[in-house]
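This report concerns only the one structure given below.
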Amino acid sequence: KFGALAGVPLRNFFGRYGQVVVTRAKKNAPRFKGNLRGSLTFKHVKGVGNIPLGIDVFSRSPYALYVHGFYDMRVRMSKPWTRSKPHYPPISALEEWSRAKGLNPYAVQHAIGTKGTPLVPFFKIAIRDSEPEKKVLMKATGLQIEATWKAGRMIPR
């Protein structure tokens, strides 16, 4: 019965909130060619029956994790960004970016090997900054569920 009452409004809420988070994350994500920003999306987490449990925000880009950092990491949410552990990525992964910036890819690899890379937690920033919109959307969803309940339009099962 609850699924008939709240299923559609909750799906609509999570869909709208997912769009807000992804839009903000795209604004915060670093850009080189737009590949990272274009890969940011979300999907609904399905629950039992018609009731959704939430959303998953993610990137289809293979290097997004190296730009964002892991979700369980403690990272700074503003500049100066937390840096990753020093590591040596393959030259092939650095060539296009470093050539476009007019840098030697071997020098870029050496710098990453000594200092790491800046981690920009664009999803975490987007979730934090979209809290006011989330509250407004949640209130509207609650009012919609309440109006349906008061009207007695629940579908019997």
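Lettering and numbering for the structure tokens are positional, with chains as A, B, ... in the shown order, residues counted from 1 in each chain, and ligands counted from 1 in the shown order.
Residue-level DSSP output for range 16-68 of chain A, from the backbone, shows helix (DSSP H, G or I) at A:Arg16, A:Tyr17, A:Gly18, A:Gln19, A:Val20, A:Val21, A:Val22, A:Thr23, A:Arg24, A:Ala25, A:Lys26, A:Lys27, A:Asn28, A:Asn35, A:Leu36, A:Arg37, A:Gly38, A:Ala64, A:Leu65, A:Tyr66, A:Val67, A:His68.
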Can I get the residues of range 52-130 of chain A within 6 Å of range 12-36 of chain A, each with the closest pair of atoms and their distance in Å to one decimal, using only C-alpha atoms, sorted chain first then ascending number, as JSON lines?
{"residue": "A:Ser61", "atom": "CA", "partner": "A:Leu36", "partner_atom": "CA", "distance": 6.0}
{"residue": "A:Phe122", "atom": "CA", "partner": "A:Ala25", "partner_atom": "CA", "distance": 5.1}
{"residue": "A:Phe123", "atom": "CA", "partner": "A:Ala25", "partner_atom": "CA", "distance": 5.3}
{"residue": "A:Ala126", "atom": "CA", "partner": "A:Ala25", "partner_atom": "CA", "distance": 5.0}
{"residue": "A:Ile127", "atom": "CA", "partner": "A:Val21", "partner_atom": "CA", "distance": 5.9}
Return as a list in words the full set of residues in range 50-81 of chain A whose backbone-based DSSP assignment is strand (DSSP E). Pro52, Leu53, Gly54, Ile55, Asp56, Val57, Phe58 and Ser59 of chain A
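Interatomic distance, CA of Arg83 in chain A against CA of Ala111 in chain A: 11.9 Å.
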Residue contacts of range 113-121 of chain A (6 Å, only C-alpha atoms) excluding same-chain residues fewer than 5 positions away, as a PyMOL selection string: chain A and resi 67-69+81-88
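Counting only C-alpha atoms, the residue from A:Arg37, A:Lys124, A:His44, A:Arg60 that sits nearest to Val75 in chain A is A:Lys124.
For the pair CA of Lys134 in chain A and CA of Val57 in chain A, the interatomic distance is 14.8 Å.
Atom pair CA of Thr141 in chain A / CA of Val45 in chain A: separated by 17.8 Å.
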Top pick for closest residue to Pro89 in chain A, considering A:Met77, A:Val8, A:Tyr63, A:Gly102 and counting only C-alpha atoms: A:Tyr63
Just checking: using only C-alpha atoms, which residue out of A:Ile55, A:Val108, A:Leu94, A:Leu5 ends up closest to Phe42 in chain A? A:Ile55
